[in-house]
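Source file: model-v9.pdb (PDB, C-alpha atoms)
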MODEL        1
ATOM      1  CA  MET J   1      31.632 130.057 130.478  1.00  0.00           C
ATOM      2  CA  SER J   2      33.209 128.371 133.470  1.00  0.00           C
ATOM      3  CA  ASP J   3      32.147 124.952 132.191  1.00  0.00           C
ATOM      4  CA  ARG J   4      33.767 125.670 128.841  1.00  0.00           C
ATOM      5  CA  LEU J   5      36.971 126.810 130.534  1.00  0.00           C
ATOM      6  CA  HIS J   6      37.115 123.589 132.566  1.00  0.00           C
ATOM      7  CA  ARG J   7      36.736 121.515 129.389  1.00  0.00           C
ATOM      8  CA  VAL J   8      39.543 123.446 127.695  1.00  0.00           C
ATOM      9  CA  LEU J   9      41.759 122.956 130.750  1.00  0.00           C
ATOM     10  CA  ASP J  10      40.896 119.239 130.817  1.00  0.00           C
ATOM     11  CA  ILE J  11      41.844 118.954 127.149  1.00  0.00           C
ATOM     12  CA  ASP J  12      45.128 120.777 127.810  1.00  0.00           C
ATOM     13  CA  GLU J  13      45.920 118.441 130.708  1.00  0.00           C
ATOM     14  CA  THR J  14      45.068 115.393 128.593  1.00  0.00           C
ATOM     15  CA  LEU J  15      47.335 116.616 125.777  1.00  0.00           C
ATOM     16  CA  ALA J  16      50.108 117.292 128.271  1.00  0.00           C
ATOM     17  CA  ASP J  17      49.709 113.755 129.641  1.00  0.00           C
ATOM     18  CA  PHE J  18      49.910 112.300 126.117  1.00  0.00           C
ATOM     19  CA  ARG J  19      53.027 114.356 125.358  1.00  0.00           C
ATOM     20  CA  ALA J  20      54.660 113.281 128.612  1.00  0.00           C
ATOM     21  CA  ARG J  21      53.896 109.612 127.867  1.00  0.00           C
ATOM     22  CA  ASP J  22      55.236 109.974 124.325  1.00  0.00           C
ATOM     23  CA  VAL J  23      58.471 111.530 125.596  1.00  0.00           C
ATOM     24  CA  ALA J  24      58.831 108.840 128.272  1.00  0.00           C
ATOM     25  CA  ALA J  25      58.231 106.088 125.699  1.00  0.00           C
ATOM     26  CA  GLN J  26      60.787 107.620 123.330  1.00  0.00           C
ATOM     27  CA  VAL J  27      63.399 107.869 126.091  1.00  0.00           C
ATOM     28  CA  GLN J  28      62.723 104.247 127.026  1.00  0.00           C
ATOM     29  CA  ARG J  29      63.099 103.125 123.379  1.00  0.00           C
ATOM     30  CA  GLU J  30      66.356 105.065 123.015  1.00  0.00           C
ATOM     31  CA  SER J  31      67.696 103.619 126.273  1.00  0.00           C
ATOM     32  CA  ALA J  32      66.801 100.101 125.161  1.00  0.00           C
ATOM     33  CA  GLY J  33      68.463 100.740 121.796  1.00  0.00           C
ATOM     34  CA  LYS J  34      71.635 101.992 123.500  1.00  0.00           C
ATOM     35  CA  ALA J  35      71.688  98.932 125.751  1.00  0.00           C
ATOM     36  CA  ASP J  36      71.276  96.696 122.688  1.00  0.00           C
ATOM     37  CA  THR J  37      74.069  98.590 120.912  1.00  0.00           C
ATOM     38  CA  ASP J  38      76.362  98.266 123.933  1.00  0.00           C
ATOM     39  CA  ALA J  39      75.615  94.545 124.174  1.00  0.00           C
ATOM     40  CA  ASP J  40      76.258  94.125 120.424  1.00  0.00           C
ATOM     41  CA  GLY J  41      79.561  95.968 120.777  1.00  0.00           C
ATOM     42  CA  ARG J  42      80.677  93.791 123.690  1.00  0.00           C
ATOM     43  CA  ALA J  43      79.690  90.604 121.851  1.00  0.00           C
ATOM     44  CA  LEU J  44      81.602  91.741 118.771  1.00  0.00           C
ATOM     45  CA  GLU J  45      84.629  92.581 120.892  1.00  0.00           C
ATOM     46  CA  ARG J  46      84.576  89.110 122.497  1.00  0.00           C
ATOM     47  CA  ALA J  47      84.293  87.490 119.068  1.00  0.00           C
ATOM     48  CA  CYS J  48      87.256  89.535 117.821  1.00  0.00           C
ATOM     49  CA  LEU J  49      89.372  88.585 120.832  1.00  0.00           C
ATOM     50  CA  ARG J  50      88.542  84.942 120.113  1.00  0.00           C
ATOM     51  CA  ALA J  51      89.473  85.424 116.433  1.00  0.00           C
ATOM     52  CA  GLU J  52      92.753  87.040 117.500  1.00  0.00           C
ATOM     53  CA  ARG J  53      93.613  83.907 119.516  1.00  0.00           C
ATOM     54  CA  GLU J  54      92.567  81.580 116.680  1.00  0.00           C
ATOM     55  CA  GLY J  55      94.548  83.430 114.027  1.00  0.00           C
ATOM     56  CA  PRO J  56      93.711  83.774 110.316  1.00  0.00           C
ATOM     57  CA  ALA J  57      91.044  81.057 110.389  1.00  0.00           C
ATOM     58  CA  GLY J  58      89.233  82.799 113.240  1.00  0.00           C
ATOM     59  CA  TRP J  59      89.325  86.139 111.437  1.00  0.00           C
ATOM     60  CA  ALA J  60      88.119  84.546 108.190  1.00  0.00           C
ATOM     61  CA  GLN J  61      85.166  83.074 110.041  1.00  0.00           C
ATOM     62  CA  LEU J  62      84.358  86.426 111.661  1.00  0.00           C
ATOM     63  CA  LEU J  63      84.678  88.505 108.477  1.00  0.00           C
ATOM     64  CA  PRO J  64      81.013  88.164 107.344  1.00  0.00           C
ATOM     65  CA  ARG J  65      79.793  89.242 110.795  1.00  0.00           C
ATOM     66  CA  LEU J  66      82.076  92.279 110.759  1.00  0.00           C
ATOM     67  CA  THR J  67      80.884  93.239 107.282  1.00  0.00           C
ATOM     68  CA  THR J  68      77.236  92.924 108.312  1.00  0.00           C
ATOM     69  CA  HIS J  69      77.881  94.942 111.474  1.00  0.00           C
ATOM     70  CA  LEU J  70      79.534  97.738 109.494  1.00  0.00           C
ATOM     71  CA  GLU J  71      76.702  97.829 106.970  1.00  0.00           C
ATOM     72  CA  ALA J  72      74.352  98.534 109.879  1.00  0.00           C
ATOM     73  CA  LYS J  73      76.759 100.790 111.820  1.00  0.00           C
ATOM     74  CA  PRO J  74      79.259 102.375 109.403  1.00  0.00           C
ATOM     75  CA  GLN J  75      80.332 104.943 112.046  1.00  0.00           C
ATOM     76  CA  ASP J  76      81.763 102.273 114.396  1.00  0.00           C
ATOM     77  CA  ALA J  77      85.487 103.066 114.389  1.00  0.00           C
ATOM     78  CA  GLN J  78      86.363 100.077 116.561  1.00  0.00           C
ATOM     79  CA  ALA J  79      84.598  97.707 114.154  1.00  0.00           C
ATOM     80  CA  TRP J  80      86.605  99.209 111.281  1.00  0.00           C
ATOM     81  CA  SER J  81      89.740  98.501 113.302  1.00  0.00           C
ATOM     82  CA  TYR J  82      88.607  94.897 113.757  1.00  0.00           C
ATOM     83  CA  LEU J  83      87.921  94.646 110.020  1.00  0.00           C
ATOM     84  CA  ALA J  84      91.448  95.908 109.357  1.00  0.00           C
ATOM     85  CA  ARG J  85      92.838  93.170 111.627  1.00  0.00           C
ATOM     86  CA  ALA J  86      90.740  90.547 109.857  1.00  0.00           C
ATOM     87  CA  ARG J  87      91.934  91.707 106.424  1.00  0.00           C
ATOM     88  CA  ALA J  88      95.554  91.820 107.584  1.00  0.00           C
ATOM     89  CA  ALA J  89      95.282  88.301 109.007  1.00  0.00           C
ATOM     90  CA  LYS J  90      94.098  87.110 105.590  1.00  0.00           C
ATOM     91  CA  GLY J  91      97.072  88.837 103.935  1.00  0.00           C
ATOM     92  CA  GLU J  92      94.883  91.497 102.307  1.00  0.00           C
ATOM     93  CA  GLU J  93      97.129  94.461 103.102  1.00  0.00           C
ATOM     94  CA  SER J  94      95.468  97.069 100.863  1.00  0.00           C
ATOM     95  CA  GLU J  95      92.014  96.218 102.251  1.00  0.00           C
ATOM     96  CA  ALA J  96      93.436  96.239 105.787  1.00  0.00           C
ATOM     97  CA  LEU J  97      94.992  99.648 105.176  1.00  0.00           C
ATOM     98  CA  HIS J  98      91.691 100.989 103.825  1.00  0.00           C
ATOM     99  CA  ALA J  99      89.794  99.746 106.896  1.00  0.00           C
ATOM    100  CA  ALA J 100      92.463 101.129 109.261  1.00  0.00           C
ATOM    101  CA  ARG J 101      92.275 104.535 107.576  1.00  0.00           C
ATOM    102  CA  GLU J 102      88.483 104.528 107.910  1.00  0.00           C
ATOM    103  CA  ALA J 103      88.802 103.680 111.618  1.00  0.00           C
ATOM    104  CA  MET J 104      91.243 106.576 112.096  1.00  0.00           C
ATOM    105  CA  ARG J 105      89.027 108.947 110.107  1.00  0.00           C
ATOM    106  CA  LEU J 106      86.105 108.145 112.410  1.00  0.00           C
ATOM    107  CA  ASP J 107      88.180 108.226 115.597  1.00  0.00           C
ATOM    108  CA  PRO J 108      91.741 109.600 115.435  1.00  0.00           C
ATOM    109  CA  ASN J 109      92.467 107.933 118.806  1.00  0.00           C
ATOM    110  CA  VAL J 110      91.349 104.438 117.827  1.00  0.00           C
ATOM    111  CA  VAL J 111      93.796 101.731 118.892  1.00  0.00           C
ATOM    112  CA  LEU J 112      95.063  99.788 115.889  1.00  0.00           C
ATOM    113  CA  GLY J 113      97.574  97.520 117.543  1.00  0.00           C
ATOM    114  CA  HIS J 114     101.143  96.717 116.593  1.00  0.00           C
ATOM    115  CA  SER J 115     100.827  95.224 113.119  1.00  0.00           C
ATOM    116  CA  LEU J 116      98.267  97.723 111.837  1.00  0.00           C
ATOM    117  CA  SER J 117     100.219 100.664 113.249  1.00  0.00           C
ATOM    118  CA  LEU J 118     103.271  99.397 111.362  1.00  0.00           C
ATOM    119  CA  LEU J 119     101.223  98.905 108.196  1.00  0.00           C
ATOM    120  CA  VAL J 120      99.940 102.482 108.392  1.00  0.00           C
ATOM    121  CA  ALA J 121     103.431 103.816 109.212  1.00  0.00           C
ATOM    122  CA  ARG J 122     104.945 101.991 106.200  1.00  0.00           C
ATOM    123  CA  SER J 123     102.230 103.342 103.935  1.00  0.00           C
ATOM    124  CA  LEU J 124     102.790 106.881 105.182  1.00  0.00           C
ATOM    125  CA  ALA J 125     106.565 106.505 104.759  1.00  0.00           C
ATOM    126  CA  GLU J 126     106.058 105.426 101.141  1.00  0.00           C
ATOM    127  CA  SER J 127     104.064 108.595 100.509  1.00  0.00           C
ATOM    128  CA  GLY J 128     106.610 110.777 102.361  1.00  0.00           C
ATOM    129  CA  ARG J 129     104.293 111.817 105.200  1.00  0.00           C
ATOM    130  CA  TRP J 130     107.016 111.675 107.823  1.00  0.00           C
ATOM    131  CA  ASP J 131     105.136 113.751 110.385  1.00  0.00           C
ATOM    132  CA  ARG J 132     102.511 111.014 110.656  1.00  0.00           C
ATOM    133  CA  VAL J 133     104.968 108.099 110.305  1.00  0.00           C
ATOM    134  CA  ALA J 134     106.430 108.854 113.721  1.00  0.00           C
ATOM    135  CA  GLN J 135     103.011 108.822 115.362  1.00  0.00           C
ATOM    136  CA  HIS J 136     102.200 105.325 114.095  1.00  0.00           C
ATOM    137  CA  ALA J 137     105.710 103.932 114.583  1.00  0.00           C
ATOM    138  CA  GLU J 138     105.568 105.117 118.197  1.00  0.00           C
ATOM    139  CA  ALA J 139     102.166 103.454 118.611  1.00  0.00           C
ATOM    140  CA  ALA J 140     103.680 100.199 117.353  1.00  0.00           C
ATOM    141  CA  LEU J 141     106.582 100.597 119.783  1.00  0.00           C
ATOM    142  CA  ALA J 142     104.160 101.165 122.651  1.00  0.00           C
ATOM    143  CA  SER J 143     102.811  97.656 122.171  1.00  0.00           C
ATOM    144  CA  GLN J 144     106.141  96.035 121.276  1.00  0.00           C
ATOM    145  CA  PRO J 145     109.078  98.053 122.617  1.00  0.00           C
ATOM    146  CA  GLY J 146     112.300  97.563 120.715  1.00  0.00           C
ATOM    147  CA  ASP J 147     110.602  96.459 117.471  1.00  0.00           C
ATOM    148  CA  GLY J 148     113.278  96.872 114.782  1.00  0.00           C
ATOM    149  CA  GLU J 149     110.967  97.883 111.957  1.00  0.00           C
ATOM    150  CA  ALA J 150     109.217 100.541 114.043  1.00  0.00           C
ATOM    151  CA  LEU J 151     112.564 101.903 115.241  1.00  0.00           C
ATOM    152  CA  GLU J 152     113.828 102.004 111.667  1.00  0.00           C
ATOM    153  CA  LEU J 153     110.811 104.052 110.605  1.00  0.00           C
ATOM    154  CA  LEU J 154     111.656 106.621 113.299  1.00  0.00           C
ATOM    155  CA  VAL J 155     115.204 107.154 112.065  1.00  0.00           C
TER
ENDMDL
END
Let me see whether you can do it: turn the structure in this file into structure tokens.
Amino acid sequence: MSDRLHRVLDIDETLADFRARDVAAQVQRESAGKADTDADGRALERACLRAEREGPAGWAQLLPRLTTHLEAKPQDAQAWSYLARARAAKGEESEALHAAREAMRLDPNVVLGHSLSLLVARSLAESGRWDRVAQHAEAALASQPGDGEALELLV
């Protein structure tokens, strides 16, 4: 009986070891995935800053990468904000507005920047949503104090 009990205990210990290794391996995979995601996010941010300096041509070049990134990570509010900037730089205001709204839906505190904040504020003013117009006009003023269009939207 004692021999049988020892075998059962050995099996239990072996199973516990396997479970512990599985959990450790899963944690390691998740940590590696998070590190990859963080690195991807930083690389995308650097590319967007470069596109911002280069203007419309830089954004046009970056647009396919942004689209691919969002297909893989549709919950990335910051990437939606970057897509909105890219669309605005190309003069695609309705597409820029759509991307900006998606960014705000995912993260109400996402930073849109001056031009996108004004675009959203104008759109909200056209639909009579004055409570939200002020919020976006003030965001535009935070980045460019004294901006006439933003001040006009507040009046």
Which centre and which edge lengths, in Å to one decimal, describe the axis-aligned box that holds all listed atoms of stretch 73-79 of chain J after 6 Å is added on each side, as JSON?
{"center_x": 81.6, "center_y": 101.3, "center_z": 113.0, "size_x": 21.6, "size_y": 19.2, "size_z": 19.2}
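Restricting the calculation to all atoms listed in the file, the smallest distance between J:Pro56 and any of J:Glu102, J:Asp131, J:Glu149, J:Glu92 is found for J:Glu92.
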Could you pull the residues within 8 Å of J:Lys90, counting all atoms listed in the file, minus those fewer than 4 positions along the same chain, as JSON, numbers by chain? {"J": [56, 59, 60, 86]}
(88.4, 101.6, 116.3) in this file's frame - what residues fall within 7 Å of it? Use all atoms listed in the file and give the answer as a list in words.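 Residues satisfying the cut-off, written out: Asp76, Ala77, Gln78, Ala79, Trp80, Ser81, Ala103, Asp107, Val110, Val111 and Leu112 of chain J.
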Residue selection dump (C-alpha atoms) as a short mmCIF file (atom, residue, chain, number, x, y, z; two decimals), in the coordinates of the input:
data_model
loop_
_atom_site.label_atom_id
_atom_site.label_comp_id
_atom_site.auth_asym_id
_atom_site.auth_seq_id
_atom_site.Cartn_x
_atom_site.Cartn_y
_atom_site.Cartn_z
CA ASP J 76 81.76 102.27 114.40
CA ALA J 77 85.49 103.07 114.39
CA GLN J 78 86.36 100.08 116.56
CA ALA J 79 84.60 97.71 114.15
CA TRP J 80 86.60 99.21 111.28
CA SER J 81 89.74 98.50 113.30
CA ALA J 103 88.80 103.68 111.62
CA ASP J 107 88.18 108.23 115.60
CA VAL J 110 91.35 104.44 117.83
CA VAL J 111 93.80 101.73 118.89
CA LEU J 112 95.06 99.79 115.89
#
Residues matched by the PyMOL selection byres ((chain J and resi 120) around 8), written as JSON, numbers by chain: {"J": [97, 100, 101, 116, 117, 118, 119, 121, 122, 123, 124, 133, 136]}
Using all heavy atoms, give me stretch 109-122 of chain J from the structure I just pasted, as a PDB file, in the first residue's frame.
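Everything below was put into result_35.pdb:
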ATOM      1  N   ASN J 109      -9.284  59.967 -23.774  1.00  0.00           N
ATOM      2  CA  ASN J 109      -8.215  60.911 -23.433  1.00  0.00           C
ATOM      3  C   ASN J 109      -7.091  60.941 -24.459  1.00  0.00           C
ATOM      4  O   ASN J 109      -6.044  61.525 -24.205  1.00  0.00           O
ATOM      5  CB  ASN J 109      -7.643  60.566 -22.055  1.00  0.00           C
ATOM      6  CG  ASN J 109      -8.687  60.678 -20.977  1.00  0.00           C
ATOM      7  OD1 ASN J 109      -9.441  61.645 -20.925  1.00  0.00           O
ATOM      8  ND2 ASN J 109      -8.773  59.680 -20.132  1.00  0.00           N
ATOM      9  N   VAL J 110      -7.299  60.316 -25.608  1.00  0.00           N
ATOM     10  CA  VAL J 110      -6.252  60.287 -26.624  1.00  0.00           C
ATOM     11  C   VAL J 110      -5.954  61.719 -27.085  1.00  0.00           C
ATOM     12  O   VAL J 110      -6.857  62.550 -27.182  1.00  0.00           O
ATOM     13  CB  VAL J 110      -6.647  59.382 -27.824  1.00  0.00           C
ATOM     14  CG1 VAL J 110      -7.781  59.978 -28.643  1.00  0.00           C
ATOM     15  CG2 VAL J 110      -5.451  59.087 -28.715  1.00  0.00           C
ATOM     16  N   VAL J 111      -4.702  61.991 -27.334  1.00  0.00           N
ATOM     17  CA  VAL J 111      -4.289  63.327 -27.791  1.00  0.00           C
ATOM     18  C   VAL J 111      -4.377  63.355 -29.313  1.00  0.00           C
ATOM     19  O   VAL J 111      -3.730  62.558 -30.000  1.00  0.00           O
ATOM     20  CB  VAL J 111      -2.853  63.648 -27.324  1.00  0.00           C
ATOM     21  CG1 VAL J 111      -2.387  64.978 -27.889  1.00  0.00           C
ATOM     22  CG2 VAL J 111      -2.790  63.640 -25.802  1.00  0.00           C
ATOM     23  N   LEU J 112      -5.189  64.278 -29.824  1.00  0.00           N
ATOM     24  CA  LEU J 112      -5.372  64.390 -31.270  1.00  0.00           C
ATOM     25  C   LEU J 112      -4.465  65.437 -31.900  1.00  0.00           C
ATOM     26  O   LEU J 112      -4.152  65.350 -33.073  1.00  0.00           O
ATOM     27  CB  LEU J 112      -6.836  64.718 -31.592  1.00  0.00           C
ATOM     28  CG  LEU J 112      -7.859  63.669 -31.192  1.00  0.00           C
ATOM     29  CD1 LEU J 112      -9.261  64.190 -31.475  1.00  0.00           C
ATOM     30  CD2 LEU J 112      -7.609  62.357 -31.910  1.00  0.00           C
ATOM     31  N   GLY J 113      -4.101  66.426 -31.142  1.00  0.00           N
ATOM     32  CA  GLY J 113      -3.314  67.513 -31.709  1.00  0.00           C
ATOM     33  C   GLY J 113      -4.210  68.636 -32.190  1.00  0.00           C
ATOM     34  O   GLY J 113      -5.438  68.517 -32.249  1.00  0.00           O
ATOM     35  N   HIS J 114      -3.592  69.727 -32.569  1.00  0.00           N
ATOM     36  CA  HIS J 114      -4.315  70.951 -32.916  1.00  0.00           C
ATOM     37  C   HIS J 114      -5.279  70.770 -34.077  1.00  0.00           C
ATOM     38  O   HIS J 114      -6.484  71.013 -33.954  1.00  0.00           O
ATOM     39  CB  HIS J 114      -3.308  72.068 -33.226  1.00  0.00           C
ATOM     40  CG  HIS J 114      -3.959  73.337 -33.636  1.00  0.00           C
ATOM     41  ND1 HIS J 114      -4.116  73.687 -34.951  1.00  0.00           N
ATOM     42  CD2 HIS J 114      -4.523  74.317 -32.903  1.00  0.00           C
ATOM     43  CE1 HIS J 114      -4.746  74.832 -35.020  1.00  0.00           C
ATOM     44  NE2 HIS J 114      -4.992  75.256 -33.786  1.00  0.00           N
ATOM     45  N   SER J 115      -4.783  70.349 -35.222  1.00  0.00           N
ATOM     46  CA  SER J 115      -5.635  70.319 -36.417  1.00  0.00           C
ATOM     47  C   SER J 115      -6.771  69.314 -36.299  1.00  0.00           C
ATOM     48  O   SER J 115      -7.899  69.587 -36.721  1.00  0.00           O
ATOM     49  CB  SER J 115      -4.804  70.048 -37.672  1.00  0.00           C
ATOM     50  OG  SER J 115      -4.162  68.801 -37.570  1.00  0.00           O
ATOM     51  N   LEU J 116      -6.507  68.159 -35.707  1.00  0.00           N
ATOM     52  CA  LEU J 116      -7.579  67.170 -35.551  1.00  0.00           C
ATOM     53  C   LEU J 116      -8.597  67.616 -34.505  1.00  0.00           C
ATOM     54  O   LEU J 116      -9.799  67.381 -34.666  1.00  0.00           O
ATOM     55  CB  LEU J 116      -7.011  65.803 -35.187  1.00  0.00           C
ATOM     56  CG  LEU J 116      -6.268  65.080 -36.298  1.00  0.00           C
ATOM     57  CD1 LEU J 116      -5.677  63.786 -35.784  1.00  0.00           C
ATOM     58  CD2 LEU J 116      -7.182  64.814 -37.484  1.00  0.00           C
ATOM     59  N   SER J 117      -8.139  68.258 -33.446  1.00  0.00           N
ATOM     60  CA  SER J 117      -9.074  68.775 -32.445  1.00  0.00           C
ATOM     61  C   SER J 117     -10.005  69.809 -33.073  1.00  0.00           C
ATOM     62  O   SER J 117     -11.207  69.821 -32.807  1.00  0.00           O
ATOM     63  CB  SER J 117      -8.328  69.388 -31.262  1.00  0.00           C
ATOM     64  OG  SER J 117      -7.667  68.375 -30.531  1.00  0.00           O
ATOM     65  N   LEU J 118      -9.446  70.661 -33.939  1.00  0.00           N
ATOM     66  CA  LEU J 118     -10.282  71.636 -34.644  1.00  0.00           C
ATOM     67  C   LEU J 118     -11.251  70.951 -35.605  1.00  0.00           C
ATOM     68  O   LEU J 118     -12.413  71.333 -35.701  1.00  0.00           O
ATOM     69  CB  LEU J 118      -9.415  72.624 -35.430  1.00  0.00           C
ATOM     70  CG  LEU J 118      -8.876  73.806 -34.652  1.00  0.00           C
ATOM     71  CD1 LEU J 118      -8.004  74.681 -35.550  1.00  0.00           C
ATOM     72  CD2 LEU J 118      -9.994  74.617 -34.042  1.00  0.00           C
ATOM     73  N   LEU J 119     -10.780  69.939 -36.305  1.00  0.00           N
ATOM     74  CA  LEU J 119     -11.637  69.199 -37.230  1.00  0.00           C
ATOM     75  C   LEU J 119     -12.816  68.580 -36.482  1.00  0.00           C
ATOM     76  O   LEU J 119     -13.972  68.688 -36.911  1.00  0.00           O
ATOM     77  CB  LEU J 119     -10.825  68.115 -37.945  1.00  0.00           C
ATOM     78  CG  LEU J 119     -11.586  67.229 -38.935  1.00  0.00           C
ATOM     79  CD1 LEU J 119     -12.100  68.054 -40.106  1.00  0.00           C
ATOM     80  CD2 LEU J 119     -10.686  66.102 -39.416  1.00  0.00           C
ATOM     81  N   VAL J 120     -12.546  67.961 -35.351  1.00  0.00           N
ATOM     82  CA  VAL J 120     -13.603  67.346 -34.549  1.00  0.00           C
ATOM     83  C   VAL J 120     -14.535  68.433 -34.007  1.00  0.00           C
ATOM     84  O   VAL J 120     -15.764  68.279 -34.050  1.00  0.00           O
ATOM     85  CB  VAL J 120     -13.002  66.500 -33.405  1.00  0.00           C
ATOM     86  CG1 VAL J 120     -14.075  66.045 -32.433  1.00  0.00           C
ATOM     87  CG2 VAL J 120     -12.264  65.293 -33.975  1.00  0.00           C
ATOM     88  N   ALA J 121     -13.980  69.537 -33.524  1.00  0.00           N
ATOM     89  CA  ALA J 121     -14.802  70.629 -32.991  1.00  0.00           C
ATOM     90  C   ALA J 121     -15.721  71.200 -34.066  1.00  0.00           C
ATOM     91  O   ALA J 121     -16.915  71.439 -33.807  1.00  0.00           O
ATOM     92  CB  ALA J 121     -13.911  71.725 -32.411  1.00  0.00           C
ATOM     93  N   ARG J 122     -15.192  71.405 -35.282  1.00  0.00           N
ATOM     94  CA  ARG J 122     -16.032  71.909 -36.389  1.00  0.00           C
ATOM     95  C   ARG J 122     -17.163  70.936 -36.701  1.00  0.00           C
ATOM     96  O   ARG J 122     -18.310  71.340 -36.908  1.00  0.00           O
ATOM     97  CB  ARG J 122     -15.195  72.138 -37.643  1.00  0.00           C
ATOM     98  CG  ARG J 122     -14.411  73.431 -37.649  1.00  0.00           C
ATOM     99  CD  ARG J 122     -13.887  73.772 -39.042  1.00  0.00           C
ATOM    100  NE  ARG J 122     -13.127  72.693 -39.648  1.00  0.00           N
ATOM    101  CZ  ARG J 122     -11.799  72.548 -39.579  1.00  0.00           C
ATOM    102  NH1 ARG J 122     -11.089  73.439 -38.918  1.00  0.00           N
ATOM    103  NH2 ARG J 122     -11.197  71.552 -40.178  1.00  0.00           N
TER     104      ARG J 122
END
